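*Asks:* Below is the structure I would like to discuss, written out as structure tokens.
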Amino acid sequence: MYPSSIQKLIELFSKFPTVGPRTAARFVFYLLGLKKEEAEELTSAISKLRNVKLCKLCFKSFEDEGELCEICQNPARDKSLLCIVEKETDLISIEKTKKYQGLFFIFGGTVPVLKKEDKKKLRADELLVRAKKPEVKEIIIAVNPTTEGEATILYLERLLKPLNKKITRLGRGLPIGAELEYADEETLGSALEGRK
Ligand SMILES: [Zn+2]
């Protein structure tokens with residue numbers, strides 16, 4: 001059908017989230033139409049992604065030297081607060097509110113309600129190790145109030161209960177079914193401040 005170099009790239013793009021073979025083919029033909037400089041900019045941006053590492057403590061991506069991200073390295077952050085989020089985009093939303101000075105833990109997703117997917121992506125073991133640390137006094141579960149989010153909140157509460165620490169969740173204000181990453185900064189900020 002297509003020349004093998006085109007076919008190969010279609011296969012690779014088809015693995016992207018929400019991208020099917022038709023969209024993948026459109027991407028490839030878009031790339032074929034790029035000017036030389038544009039194509040070089042893209043390939044160099046992709047190869048630079050290899051410099052990105054995950055923080056050993058919170059699992060946020062970062063590019064600096066060392067093993068910790070800029071948040072975990074910052075001595076001004078309050079180590080007694082640990083905020084659990086599903087994914088990095090939620091962490092960024094909370095950072096944008098400028099209402100939170102504690103540390104984070106990226107859990108890696110939600111607990112599936114219907115699908116029998118494996119929970120391997122989820123960092124339950126890593127979370128327990130982190131939450132057990134004596135400096136952690138309050139654990140804030142900042143998970144989207146969607147159906148899968150609610151299941152995740154219950155799962156996390158059950159997982160963390162034996163640690164006998166203060167566990168809070170976001171207060172009212174976030175609409176049911178809302179996604180943190182789409183909430184406005186003010187709403188999310190007051191949900192954080194109103195945690196209980
Ligand atoms: Zn970190």
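Order determines the names: the first chain of the structure tokens is A, the second B, and so forth; residues in each chain are numbered 1 upward, and ligands are numbered 1 upward as they are shown.
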Taking only C-alpha atoms and all ligand atoms into account, which residues have an atom no farther than 10 Å from ligand 1? I'd like them as a short mmCIF file (atom, residue, chain, number, x, y, z; two decimals) with C-alpha atoms, in the first residue's frame.

*Replies:*
```cif
data_model
loop_
_atom_site.label_atom_id
_atom_site.label_comp_id
_atom_site.auth_asym_id
_atom_site.auth_seq_id
_atom_site.Cartn_x
_atom_site.Cartn_y
_atom_site.Cartn_z
CA LEU A 54 10.78 11.24 36.64
CA CYS A 55 11.29 12.55 40.16
CA LYS A 56 12.19 9.77 42.60
CA LEU A 57 9.84 11.19 45.24
CA CYS A 58 6.73 12.52 43.50
CA PHE A 59 7.07 11.09 39.94
CA LYS A 60 6.77 14.50 38.28
CA SER A 61 8.80 14.94 35.09
CA PHE A 62 11.83 17.24 35.17
CA GLU A 67 17.05 12.81 41.18
CA LEU A 68 14.42 15.24 42.48
CA CYS A 69 12.14 17.72 40.71
CA GLU A 70 12.15 21.46 41.47
CA ILE A 71 9.21 21.12 43.88
CA CYS A 72 10.71 18.29 45.97
CA GLN A 73 14.09 20.11 46.01
CA ASN A 74 12.61 23.37 47.27
CA LEU A 103 4.59 18.27 48.42
CA PHE A 104 2.95 15.94 45.92
CA PHE A 105 2.65 12.33 44.90
CA ILE A 106 1.46 11.37 41.40
#
```

*Asks:* Might you pull out every residue within 12 Å of Tyr2 in chain A, with only C-alpha atoms counted and same-chain residues fewer than 3 positions away left off, and present them as a PyMOL selection string?

*Replies:* chain A and resi 5-11+25+28-29

*Asks:* Would you kindly return, as JSON, numbers by chain, each protein, DNA or RNA residue with an atom no farther than 9 Å from any atom of Asp78 in chain A, considering only C-alpha atoms and excluding same-chain residues fewer than 4 positions away?

*Replies:* {"A": [82, 101, 102, 103]}

*Asks:* Put those residues in a file: N, CA, C and O atoms, as a short mmCIF file (atom, residue, chain, number, x, y, z; two decimals), in the first residue's frame.

*Replies:*
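Produced file again_30.cif, reproduced below:
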```
data_model
loop_
_atom_site.label_atom_id
_atom_site.label_comp_id
_atom_site.auth_asym_id
_atom_site.auth_seq_id
_atom_site.Cartn_x
_atom_site.Cartn_y
_atom_site.Cartn_z
N LEU A 82 1.21 16.12 52.15
CA LEU A 82 1.42 15.31 50.96
C LEU A 82 0.11 15.26 50.17
O LEU A 82 -0.90 14.78 50.68
N GLN A 101 1.43 24.79 49.45
CA GLN A 101 2.88 24.87 49.64
C GLN A 101 3.50 23.53 50.03
O GLN A 101 4.68 23.46 50.36
N GLY A 102 2.68 22.47 50.04
CA GLY A 102 3.19 21.16 50.44
C GLY A 102 3.82 20.42 49.28
O GLY A 102 4.15 21.00 48.25
N LEU A 103 3.99 19.12 49.46
CA LEU A 103 4.59 18.27 48.42
C LEU A 103 3.51 17.42 47.76
O LEU A 103 2.36 17.41 48.19
#
```

*Asks:* If you run DSSP over the backbone, which residues in range 3-184 of chain A end up alpha helix (DSSP H)? Put them as a ChimeraX atom specification.

*Replies:* /A:4-14,21-32,36-48,70-73,88-97,124-131,147-160

*Asks:* Would you pick out the contacts of Lys137 in chain A at 8 Å or less, using only C-alpha atoms, so that residues sharing its chain but fewer than 4 positions from it are not included, and give the list as a tab-separated table (two decimals) with C-alpha atoms, in the first residue's frame?

*Replies:*
```tsv
chain	number	residue	atom	x	y	z
A	80	SER	CA	4.19	17.76	56.46
A	81	LEU	CA	1.63	18.00	53.63
A	82	LEU	CA	1.42	15.31	50.96
A	165	LYS	CA	-2.53	9.93	59.71
A	166	LYS	CA	-4.85	12.81	58.98
```

*Asks:* Among range 39-182 of chain A, which ones does DSSP assign to strand (DSSP E) (computed from the backbone)? Answer as a PDB file with C-alpha atoms, in the first residue's frame.

*Replies:*
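After the write, selection_25.pdb holds the following:
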```pdb
ATOM      1  CA  LYS A  53      13.368  12.088  34.012  1.00  0.00           C
ATOM      2  CA  LEU A  54      10.778  11.240  36.636  1.00  0.00           C
ATOM      3  CA  SER A  61       8.798  14.937  35.091  1.00  0.00           C
ATOM      4  CA  PHE A  62      11.827  17.238  35.168  1.00  0.00           C
ATOM      5  CA  ASP A  78       5.970  22.167  53.675  1.00  0.00           C
ATOM      6  CA  LYS A  79       7.036  18.515  54.057  1.00  0.00           C
ATOM      7  CA  SER A  80       4.194  17.758  56.461  1.00  0.00           C
ATOM      8  CA  LEU A  81       1.626  17.999  53.632  1.00  0.00           C
ATOM      9  CA  LEU A  82       1.419  15.315  50.956  1.00  0.00           C
ATOM     10  CA  CYS A  83      -1.083  15.852  48.149  1.00  0.00           C
ATOM     11  CA  ILE A  84      -2.001  12.820  46.034  1.00  0.00           C
ATOM     12  CA  VAL A  85      -3.027  13.538  42.440  1.00  0.00           C
ATOM     13  CA  GLY A 102       3.189  21.157  50.444  1.00  0.00           C
ATOM     14  CA  LEU A 103       4.588  18.273  48.425  1.00  0.00           C
ATOM     15  CA  PHE A 104       2.950  15.942  45.917  1.00  0.00           C
ATOM     16  CA  PHE A 105       2.647  12.331  44.897  1.00  0.00           C
ATOM     17  CA  ILE A 106       1.465  11.372  41.398  1.00  0.00           C
ATOM     18  CA  GLU A 138      -1.566  15.265  56.498  1.00  0.00           C
ATOM     19  CA  ILE A 139      -2.392  13.415  53.300  1.00  0.00           C
ATOM     20  CA  ILE A 140      -4.642  15.305  50.895  1.00  0.00           C
ATOM     21  CA  ILE A 141      -6.447  13.215  48.292  1.00  0.00           C
ATOM     22  CA  LYS A 166      -4.848  12.810  58.980  1.00  0.00           C
ATOM     23  CA  ILE A 167      -6.456  12.180  55.585  1.00  0.00           C
ATOM     24  CA  THR A 168      -8.394  14.963  53.879  1.00  0.00           C
ATOM     25  CA  ARG A 169     -10.046  15.416  50.495  1.00  0.00           C
TER      26      ARG A 169
END
```

*Asks:* Between A:Ala191, A:Leu159, A:Leu180, A:Val111, which one has atoms that come closest to Pro145 in chain A, using only C-alpha atoms?

*Replies:*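 Checking each of A:Ala191, A:Leu159, A:Leu180, A:Val111 against Pro145 in chain A, counting only C-alpha atoms, the winner is A:Leu180.
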
*Asks:* Residues near Ala24 in chain A, anyone? I mean within 7 Å using only C-alpha atoms, not counting same-chain ones fewer than 5 positions away, as a list in words.

*Replies:*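 These residues fall inside the cut-off: Ile10, Phe13, Ser14 and Val19 of chain A.
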
*Asks:* Now that the selection is made, can you save its residues with all heavy atoms as a PDB file, in the first residue's frame?

*Replies:*
```
ATOM      1  N   ILE A  10       2.931   5.406  10.343  1.00  0.00           N
ATOM      2  CA  ILE A  10       1.487   5.283  10.627  1.00  0.00           C
ATOM      3  C   ILE A  10       1.287   4.323  11.798  1.00  0.00           C
ATOM      4  O   ILE A  10       0.519   4.593  12.736  1.00  0.00           O
ATOM      5  CB  ILE A  10       0.706   4.799   9.380  1.00  0.00           C
ATOM      6  CG1 ILE A  10       0.704   5.897   8.312  1.00  0.00           C
ATOM      7  CG2 ILE A  10      -0.728   4.409   9.745  1.00  0.00           C
ATOM      8  CD1 ILE A  10       0.035   5.513   7.008  1.00  0.00           C
ATOM      9  N   PHE A  13       2.315   6.151  15.067  1.00  0.00           N
ATOM     10  CA  PHE A  13       1.335   7.151  15.516  1.00  0.00           C
ATOM     11  C   PHE A  13       0.043   6.500  15.997  1.00  0.00           C
ATOM     12  O   PHE A  13      -0.628   7.039  16.874  1.00  0.00           O
ATOM     13  CB  PHE A  13       1.016   8.138  14.385  1.00  0.00           C
ATOM     14  CG  PHE A  13       2.021   9.235  14.209  1.00  0.00           C
ATOM     15  CD1 PHE A  13       2.505   9.572  12.955  1.00  0.00           C
ATOM     16  CD2 PHE A  13       2.484   9.950  15.301  1.00  0.00           C
ATOM     17  CE1 PHE A  13       3.435  10.590  12.788  1.00  0.00           C
ATOM     18  CE2 PHE A  13       3.410  10.975  15.146  1.00  0.00           C
ATOM     19  CZ  PHE A  13       3.888  11.287  13.890  1.00  0.00           C
ATOM     20  N   SER A  14      -0.299   5.343  15.419  1.00  0.00           N
ATOM     21  CA  SER A  14      -1.535   4.660  15.825  1.00  0.00           C
ATOM     22  C   SER A  14      -1.492   4.226  17.282  1.00  0.00           C
ATOM     23  O   SER A  14      -2.524   3.950  17.882  1.00  0.00           O
ATOM     24  CB  SER A  14      -1.791   3.433  14.954  1.00  0.00           C
ATOM     25  OG  SER A  14      -1.921   3.817  13.616  1.00  0.00           O
ATOM     26  N   VAL A  19      -5.521   8.147  18.987  1.00  0.00           N
ATOM     27  CA  VAL A  19      -5.203   8.242  17.555  1.00  0.00           C
ATOM     28  C   VAL A  19      -5.439   6.889  16.875  1.00  0.00           C
ATOM     29  O   VAL A  19      -4.878   5.878  17.279  1.00  0.00           O
ATOM     30  CB  VAL A  19      -3.745   8.701  17.334  1.00  0.00           C
ATOM     31  CG1 VAL A  19      -3.377   8.632  15.856  1.00  0.00           C
ATOM     32  CG2 VAL A  19      -3.542  10.109  17.867  1.00  0.00           C
TER      33      VAL A  19
END
```

*Asks:* For a quick check of understanding, using only C-alpha atoms, which of A:Pro112, A:Gly66, A:Pro3, A:Pro17 has the smallest distance to Thr146 in chain A?

*Replies:*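 Ranked by minimum distance to Thr146 in chain A, first place goes to A:Pro112.
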
*Asks:* Name the residues in contact with Leu170 in chain A at a cut-off of 6 Å, using only C-alpha atoms, excluding same-chain residues fewer than 5 positions from it; report them as a PyMOL selection string.

*Replies:* chain A and resi 142+191-192+195

*Asks:* For Arg123 in chain A, which of A:Ala183, A:Leu156, A:Leu42, A:Val52 is the closest residue, counting only C-alpha atoms?

*Replies:*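 Between A:Ala183, A:Leu156, A:Leu42, A:Val52, the residue approaching Arg123 in chain A most closely is A:Leu156.
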